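Taking it in order: structure first as structure tokens, then the write-up.
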Amino acid sequence: MMDLQAIRSDFPILADPEYIYFDNAATSQRPRQVLEAVEQFYKTTNANPLRGLYEWSIGATEAYENAREKVAAFIGAKGPTEIVFTRNATESINLVAYSWGLANVQEGDEIVVSVMEHHSNILPWQMVCKKTGAKLIFLECDKFGKIPEQEYTDKIGPKTKLVAITMVSNVFGIQNPIADIAKLAHANGALLMVDGAQAAPHTKVDVKALGADFFAFSGHKMLAPFGIGGLYAREELLDKMPPFLTGGEMIEYVTRQDATYAELPHKFEAGTVNAAGAVGLAAAIDYLNEIGFDFIEEQEKKITRILYEGMKDQKYITLFGSENPDEHSGIVTFNIEGCHPHDVSSVLDSEKVCVRAGHHCAQPLLQHLGVNATARASVYFYNTEQEAERFLESLSHVRSWLGYAD
């Protein structure tokens, strides 16, 4: 049995009990094990990886490549050659769009996305369609955040070149039927791009079992530093894809007129790499593995149930997504009648409660729902029942703080 207070003691920023951090879908907090791993790298092994033949550089290279191996094992890749380090999921998706998309998508092809995508999994495909003459097709969801089976069976077909879809919605928290969609895409000769930014921190991922051809994630949502993320892609796809960026380190040999690219995955990692970030990501993976996803999912469901049921019982609150709190992946999105979500967030901030407000980089989804903005509380495994209860108490006073006489 995991000791929640012992876990919380690993997070320096959580030492102040006045603050409640419920914006974990945007970024997670970092345990001291991650902070210390990054600090130790800079103190003892700070050198440019992959280039020097002296001890520090060799050590930095080993640390960087060991992190790649941990990522591969963490998400079930065949091996480290299928893992490209990027800054975040956004860069990972753009890499696929520019490198694979522009080289393979043609006029008359279709790219299928869902209406619940983060802008990072819409804009790159808008770009590909505009440049190639392909058509962007949207899968619609119902009011509970689920995509009806008929939506994808009707819209994924012989013209489909790629399906790009989030594994977990950052607004609903709903987990999409990725394996089913993958089978349908592959049966029609299409590939599957999975945005795993909201999935990798919260549930065990196996890219092969999912049937993902590409899988993107961000380290900062799963305890790692900012500026480190990753792209999984099947090796045979990466092998045929041209580099996304060019410059130092991604080459084998350069002449005045031509160049030979480095082997996988280094041909996609131009310039000096974020070795310290990769070390922090490896430490975050070690920490998550030690905690275990059974505990992570159980704790998140427990807190989410308290939030959802407590909000459901309050007047004037509209909840978005599934009526089953266990399907929310730690995310509860809501509005309060008569109160702009930005005002809700500001009032809660005065109580030292941190939530997100706005369109959550998912404007097509909010337009589909008929709202301009929402508030969002999102939890992680280090959040407590006491925090949830205090949040609900603060929430119950928002309308009166904004001048409503209830």
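Here, A, B, ... name the chains of the structure tokens in the order displayed, residue numbers run from 1 inside each chain, and ligands are numbered from 1 in the same displayed order.
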
query: In segment 172-318 of chain A, what's strand (DSSP E) per DSSP? Answer as an MDAnalysis selection string?
result: chainID A and resid 191:195 214:218 229:233 251:254 259:261 317:318

Deliver the residues from the most recent selection as a file, using C-alpha atoms, as a short mmCIF file (atom, residue, chain, number, x, y, z; two decimals), in the first residue's frame.
data_model
loop_
_atom_site.label_atom_id
_atom_site.label_comp_id
_atom_site.auth_asym_id
_atom_site.auth_seq_id
_atom_site.Cartn_x
_atom_site.Cartn_y
_atom_site.Cartn_z
CA LEU A 191 -1.74 4.92 -40.61
CA LEU A 192 -2.62 5.97 -37.06
CA MET A 193 -1.14 8.98 -35.27
CA VAL A 194 -1.94 8.98 -31.53
CA ASP A 195 -1.64 12.08 -29.35
CA PHE A 214 3.02 7.14 -34.39
CA PHE A 215 2.64 8.11 -30.72
CA ALA A 216 3.47 11.55 -29.30
CA PHE A 217 3.91 12.55 -25.65
CA SER A 218 5.24 15.39 -23.48
CA GLY A 229 9.11 14.93 -25.12
CA GLY A 230 9.10 12.09 -27.55
CA LEU A 231 7.81 10.54 -30.71
CA TYR A 232 7.40 6.82 -31.19
CA ALA A 233 7.25 5.72 -34.80
CA ILE A 251 24.42 13.97 -40.34
CA GLU A 252 26.97 11.28 -41.08
CA TYR A 253 28.92 13.14 -43.77
CA VAL A 254 28.63 16.54 -45.45
CA ALA A 259 24.95 15.20 -47.09
CA THR A 260 24.48 11.68 -45.76
CA TYR A 261 22.16 11.49 -42.77
CA ILE A 317 -22.81 24.03 -12.19
CA THR A 318 -22.77 22.40 -15.62
#

query: as a ChimeraX atom specification, which residues of segment 142-321 of chain A does DSSP assign to helix (DSSP H, G or I)?
result: /A:149-155,178-187,207-210,219-221,235-240,266-268,275-291,293-312

Just to be explicit: take each residue in the selection above, keep C-alpha atoms, and write the result as a PDB file, in the first residue's frame.
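Saved to again.pdb:
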ATOM      1  CA  GLU A 149     -18.785   3.740 -33.559  1.00  0.00           C
ATOM      2  CA  GLN A 150     -20.694   4.684 -36.698  1.00  0.00           C
ATOM      3  CA  GLU A 151     -18.724   7.930 -36.895  1.00  0.00           C
ATOM      4  CA  TYR A 152     -15.411   6.189 -37.508  1.00  0.00           C
ATOM      5  CA  THR A 153     -16.807   3.256 -39.483  1.00  0.00           C
ATOM      6  CA  ASP A 154     -18.504   5.756 -41.833  1.00  0.00           C
ATOM      7  CA  LYS A 155     -15.636   8.233 -42.131  1.00  0.00           C
ATOM      8  CA  ILE A 178      -7.695   3.549 -30.125  1.00  0.00           C
ATOM      9  CA  ALA A 179      -7.189  -0.161 -30.829  1.00  0.00           C
ATOM     10  CA  ASP A 180     -10.523  -0.402 -32.686  1.00  0.00           C
ATOM     11  CA  ILE A 181      -9.772   2.717 -34.712  1.00  0.00           C
ATOM     12  CA  ALA A 182      -6.287   1.391 -35.502  1.00  0.00           C
ATOM     13  CA  LYS A 183      -7.695  -1.849 -36.907  1.00  0.00           C
ATOM     14  CA  LEU A 184     -10.136   0.040 -39.114  1.00  0.00           C
ATOM     15  CA  ALA A 185      -7.444   2.464 -40.298  1.00  0.00           C
ATOM     16  CA  HIS A 186      -5.022  -0.331 -41.133  1.00  0.00           C
ATOM     17  CA  ALA A 187      -7.737  -2.311 -42.923  1.00  0.00           C
ATOM     18  CA  VAL A 207       2.008   1.260 -28.538  1.00  0.00           C
ATOM     19  CA  LYS A 208       2.089  -2.142 -30.212  1.00  0.00           C
ATOM     20  CA  ALA A 209      -1.116  -3.307 -28.496  1.00  0.00           C
ATOM     21  CA  LEU A 210      -2.777  -0.010 -29.439  1.00  0.00           C
ATOM     22  CA  GLY A 219       7.535  14.893 -20.493  1.00  0.00           C
ATOM     23  CA  HIS A 220       6.261  17.904 -18.550  1.00  0.00           C
ATOM     24  CA  LYS A 221       2.847  16.284 -18.035  1.00  0.00           C
ATOM     25  CA  GLU A 235      11.175   1.834 -37.481  1.00  0.00           C
ATOM     26  CA  GLU A 236      10.266   1.098 -41.104  1.00  0.00           C
ATOM     27  CA  LEU A 237       8.373   4.408 -41.255  1.00  0.00           C
ATOM     28  CA  LEU A 238      11.183   6.438 -39.700  1.00  0.00           C
ATOM     29  CA  ASP A 239      13.654   4.829 -42.065  1.00  0.00           C
ATOM     30  CA  LYS A 240      11.803   6.217 -45.106  1.00  0.00           C
ATOM     31  CA  HIS A 266      19.588  10.562 -34.716  1.00  0.00           C
ATOM     32  CA  LYS A 267      18.715  11.845 -38.183  1.00  0.00           C
ATOM     33  CA  PHE A 268      15.667  13.493 -36.557  1.00  0.00           C
ATOM     34  CA  ALA A 275      20.449  15.657 -22.502  1.00  0.00           C
ATOM     35  CA  ALA A 276      19.520  17.024 -19.075  1.00  0.00           C
ATOM     36  CA  GLY A 277      15.841  16.907 -20.021  1.00  0.00           C
ATOM     37  CA  ALA A 278      16.211  13.307 -21.161  1.00  0.00           C
ATOM     38  CA  VAL A 279      17.887  12.430 -17.859  1.00  0.00           C
ATOM     39  CA  GLY A 280      14.978  14.066 -16.031  1.00  0.00           C
ATOM     40  CA  LEU A 281      12.502  12.130 -18.172  1.00  0.00           C
ATOM     41  CA  ALA A 282      14.274   8.865 -17.342  1.00  0.00           C
ATOM     42  CA  ALA A 283      14.063   9.707 -13.627  1.00  0.00           C
ATOM     43  CA  ALA A 284      10.354  10.513 -14.029  1.00  0.00           C
ATOM     44  CA  ILE A 285       9.758   7.142 -15.682  1.00  0.00           C
ATOM     45  CA  ASP A 286      11.589   5.408 -12.834  1.00  0.00           C
ATOM     46  CA  TYR A 287       9.385   7.258 -10.361  1.00  0.00           C
ATOM     47  CA  LEU A 288       6.145   6.402 -12.160  1.00  0.00           C
ATOM     48  CA  ASN A 289       7.166   2.768 -12.436  1.00  0.00           C
ATOM     49  CA  GLU A 290       7.923   2.679  -8.716  1.00  0.00           C
ATOM     50  CA  ILE A 291       4.550   4.212  -7.840  1.00  0.00           C
ATOM     51  CA  PHE A 293      -0.138   2.700 -12.602  1.00  0.00           C
ATOM     52  CA  ASP A 294      -2.520   0.619 -10.510  1.00  0.00           C
ATOM     53  CA  PHE A 295      -2.096   3.094  -7.656  1.00  0.00           C
ATOM     54  CA  ILE A 296      -2.065   6.094  -9.991  1.00  0.00           C
ATOM     55  CA  GLU A 297      -5.367   5.157 -11.628  1.00  0.00           C
ATOM     56  CA  GLU A 298      -7.023   4.181  -8.341  1.00  0.00           C
ATOM     57  CA  GLN A 299      -6.034   7.441  -6.619  1.00  0.00           C
ATOM     58  CA  GLU A 300      -7.093   9.602  -9.544  1.00  0.00           C
ATOM     59  CA  LYS A 301     -10.466   7.882  -9.771  1.00  0.00           C
ATOM     60  CA  LYS A 302     -11.024   8.354  -6.044  1.00  0.00           C
ATOM     61  CA  ILE A 303     -10.367  12.107  -6.186  1.00  0.00           C
ATOM     62  CA  THR A 304     -12.263  12.538  -9.460  1.00  0.00           C
ATOM     63  CA  ARG A 305     -15.354  10.854  -7.993  1.00  0.00           C
ATOM     64  CA  ILE A 306     -15.327  13.281  -5.059  1.00  0.00           C
ATOM     65  CA  LEU A 307     -15.008  16.255  -7.394  1.00  0.00           C
ATOM     66  CA  TYR A 308     -17.612  15.091  -9.876  1.00  0.00           C
ATOM     67  CA  GLU A 309     -20.240  14.050  -7.336  1.00  0.00           C
ATOM     68  CA  GLY A 310     -19.641  17.183  -5.269  1.00  0.00           C
ATOM     69  CA  MET A 311     -20.039  19.471  -8.275  1.00  0.00           C
ATOM     70  CA  LYS A 312     -23.096  17.584  -9.472  1.00  0.00           C
TER      71      LYS A 312
END

query: Any idea what's packed within 10 Å of segment 94-111 of chain A, counting only C-alpha atoms, ignoring anything in its chain fewer than 2 positions away? Could you give it as a PyMOL selection string?
result: chain A and resi 84+86+89-92+113+120-121+123-138+155-164+190-191+193+214-216+231+233+237-238+240-245+268

Would you mind exporting the chosen residues as a compact mmCIF listing (two decimals), in the first residue's frame, restricted to N, CA and C atoms?
# COMPACT_ATOMS: atom_id res chain seq x y z
N VAL A 84 12.25 9.06 -30.95
CA VAL A 84 12.89 10.33 -31.29
C VAL A 84 12.59 11.31 -30.16
N THR A 86 12.02 14.92 -28.72
CA THR A 86 11.56 16.22 -29.20
C THR A 86 11.39 17.13 -27.99
N ALA A 89 4.92 17.03 -27.22
CA ALA A 89 4.03 16.33 -28.15
C ALA A 89 3.73 17.18 -29.38
N THR A 90 3.64 18.48 -29.21
CA THR A 90 3.38 19.36 -30.35
C THR A 90 4.47 19.23 -31.41
N GLU A 91 5.71 19.26 -30.98
CA GLU A 91 6.80 19.10 -31.94
C GLU A 91 6.79 17.71 -32.55
N SER A 92 6.46 16.71 -31.78
CA SER A 92 6.40 15.34 -32.29
C SER A 92 5.38 15.21 -33.42
N VAL A 113 -9.41 13.35 -38.31
CA VAL A 113 -9.13 13.75 -36.93
C VAL A 113 -10.46 13.78 -36.18
N SER A 120 -2.84 21.19 -31.35
CA SER A 120 -1.57 20.61 -31.83
C SER A 120 -1.78 19.38 -32.69
N ASN A 121 -2.96 18.79 -32.63
CA ASN A 121 -3.25 17.64 -33.48
C ASN A 121 -4.31 17.99 -34.53
N LEU A 123 -3.87 21.65 -36.27
CA LEU A 123 -3.18 22.60 -37.13
C LEU A 123 -2.15 21.95 -38.07
N PRO A 124 -1.33 20.99 -37.60
CA PRO A 124 -0.38 20.38 -38.54
C PRO A 124 -1.06 19.68 -39.71
N TRP A 125 -2.24 19.11 -39.46
CA TRP A 125 -2.95 18.39 -40.53
C TRP A 125 -3.71 19.36 -41.43
N GLN A 126 -4.13 20.50 -40.88
CA GLN A 126 -4.66 21.56 -41.74
C GLN A 126 -3.59 22.00 -42.72
N MET A 127 -2.36 22.15 -42.21
CA MET A 127 -1.25 22.56 -43.06
C MET A 127 -0.99 21.54 -44.16
N VAL A 128 -0.96 20.26 -43.81
CA VAL A 128 -0.71 19.22 -44.81
C VAL A 128 -1.80 19.23 -45.88
N CYS A 129 -3.04 19.36 -45.45
CA CYS A 129 -4.15 19.36 -46.41
C CYS A 129 -4.09 20.57 -47.34
N LYS A 130 -3.75 21.74 -46.80
CA LYS A 130 -3.67 22.94 -47.63
C LYS A 130 -2.55 22.83 -48.65
N LYS A 131 -1.44 22.21 -48.26
CA LYS A 131 -0.29 22.11 -49.16
C LYS A 131 -0.45 20.99 -50.20
N THR A 132 -1.23 19.96 -49.87
CA THR A 132 -1.31 18.78 -50.76
C THR A 132 -2.64 18.67 -51.50
N GLY A 133 -3.65 19.39 -51.05
CA GLY A 133 -4.97 19.25 -51.65
C GLY A 133 -5.77 18.11 -51.06
N ALA A 134 -5.29 17.52 -49.96
CA ALA A 134 -6.05 16.48 -49.27
C ALA A 134 -7.21 17.12 -48.50
N LYS A 135 -8.09 16.30 -47.98
CA LYS A 135 -9.27 16.79 -47.27
C LYS A 135 -9.20 16.38 -45.80
N LEU A 136 -9.54 17.32 -44.93
CA LEU A 136 -9.56 17.05 -43.49
C LEU A 136 -10.97 16.67 -43.07
N ILE A 137 -11.12 15.49 -42.50
CA ILE A 137 -12.42 14.95 -42.08
C ILE A 137 -12.47 14.89 -40.56
N PHE A 138 -13.60 15.32 -39.98
CA PHE A 138 -13.73 15.33 -38.53
C PHE A 138 -14.68 14.25 -38.04
N LYS A 155 -16.54 7.20 -41.64
CA LYS A 155 -15.64 8.23 -42.13
C LYS A 155 -14.21 7.75 -42.39
N ILE A 156 -13.84 6.59 -41.90
CA ILE A 156 -12.53 6.01 -42.22
C ILE A 156 -12.75 5.01 -43.34
N GLY A 157 -12.15 5.30 -44.49
CA GLY A 157 -12.39 4.45 -45.65
C GLY A 157 -11.20 4.40 -46.59
N PRO A 158 -11.42 3.98 -47.84
CA PRO A 158 -10.33 3.79 -48.80
C PRO A 158 -9.53 5.06 -49.10
N LYS A 159 -10.16 6.24 -48.95
CA LYS A 159 -9.45 7.49 -49.21
C LYS A 159 -8.61 7.95 -48.02
N THR A 160 -8.81 7.33 -46.87
CA THR A 160 -8.11 7.75 -45.66
C THR A 160 -6.62 7.40 -45.75
N LYS A 161 -5.79 8.40 -45.53
CA LYS A 161 -4.34 8.20 -45.53
C LYS A 161 -3.80 8.12 -44.11
N LEU A 162 -4.44 8.88 -43.22
CA LEU A 162 -3.99 8.94 -41.83
C LEU A 162 -5.17 9.24 -40.93
N VAL A 163 -5.20 8.60 -39.77
CA VAL A 163 -6.12 8.98 -38.70
C VAL A 163 -5.27 9.55 -37.57
N ALA A 164 -5.55 10.78 -37.15
CA ALA A 164 -4.81 11.44 -36.07
C ALA A 164 -5.79 11.71 -34.94
N ALA A 190 -4.49 2.88 -44.10
CA ALA A 190 -4.11 4.15 -43.48
C ALA A 190 -3.22 3.91 -42.26
N LEU A 191 -2.55 4.97 -41.82
CA LEU A 191 -1.74 4.92 -40.61
C LEU A 191 -2.46 5.64 -39.48
N MET A 193 -1.93 8.07 -36.10
CA MET A 193 -1.14 8.98 -35.27
C MET A 193 -1.89 9.21 -33.96
N PHE A 214 2.32 6.02 -35.01
CA PHE A 214 3.02 7.14 -34.39
C PHE A 214 2.35 7.42 -33.04
N PHE A 215 3.16 7.79 -32.04
CA PHE A 215 2.64 8.11 -30.72
C PHE A 215 3.47 9.25 -30.16
N ALA A 216 2.80 10.36 -29.80
CA ALA A 216 3.47 11.55 -29.30
C ALA A 216 3.16 11.76 -27.82
N LEU A 231 8.61 11.11 -29.64
CA LEU A 231 7.81 10.54 -30.71
C LEU A 231 8.20 9.08 -30.87
N ALA A 233 7.69 6.04 -33.45
CA ALA A 233 7.25 5.72 -34.80
C ALA A 233 7.84 4.37 -35.18
N LEU A 237 8.87 3.10 -40.85
CA LEU A 237 8.37 4.41 -41.26
C LEU A 237 9.46 5.47 -41.09
N LEU A 238 10.11 5.47 -39.93
CA LEU A 238 11.18 6.44 -39.70
C LEU A 238 12.29 6.31 -40.73
N LYS A 240 12.15 5.62 -43.81
CA LYS A 240 11.80 6.22 -45.11
C LYS A 240 11.54 7.72 -45.03
N MET A 241 11.35 8.23 -43.82
CA MET A 241 10.99 9.65 -43.66
C MET A 241 12.22 10.54 -43.75
N PRO A 242 12.12 11.67 -44.47
CA PRO A 242 13.23 12.63 -44.49
C PRO A 242 13.31 13.37 -43.16
N PRO A 243 14.45 13.95 -42.85
CA PRO A 243 14.59 14.70 -41.59
C PRO A 243 13.63 15.87 -41.52
N PHE A 244 13.21 16.18 -40.32
CA PHE A 244 12.33 17.31 -40.06
C PHE A 244 13.16 18.60 -39.98
N LEU A 245 14.29 18.52 -39.30
CA LEU A 245 15.22 19.64 -39.16
C LEU A 245 16.60 19.16 -39.60
N PHE A 268 16.77 12.59 -36.89
CA PHE A 268 15.67 13.49 -36.56
C PHE A 268 15.99 14.41 -35.37

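Those residues that approach segment 117-119 of chain A to within 8 Å, counting only C-alpha atoms, are Val113, Leu123, Ile165, Thr166, Ser169, Asn170, His360, Cys361, Ala362, Gln363 and Leu365 of chain A; same-chain residues fewer than 4 positions away are not listed.
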
field: Nearest residue to Gly370 of chain A from the set A:His328, A:Tyr382, A:Met2, A:Lys143 (distances using only C-alpha atoms)
entry: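 Selected residue with least distance to Gly370 of chain A: A:Lys143.
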
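One distance worth recording is that between atom CA of Phe144 of chain A and atom CA of Pro341 of chain A, which is 20.2 Å.
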
- prompt: When distances are computed from only C-alpha atoms, which of A:Ser57, A:Ser329, A:Gln33, A:Gln367 shows the smallest separation from Phe381 of chain A?
  reply: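 Counting only C-alpha atoms, the residue closest to Phe381 of chain A is A:Ser329.
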
If you count only C-alpha atoms, which residues fall within 6 Å of Val168 of chain A, apart from same-chain ones fewer than 4 positions away, as a compact mmCIF listing (two decimals) with C-alpha atoms, in the first residue's frame?
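Now in selection.txt:
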# COMPACT_ATOMS: atom_id res chain seq x y z
CA GLY A 173 -10.78 13.03 -20.04
CA ILE A 174 -12.51 10.38 -22.14
CA GLN A 175 -10.31 7.57 -23.46
CA GLN A 198 -2.89 13.08 -21.66
CA ALA A 199 -2.54 9.29 -21.61
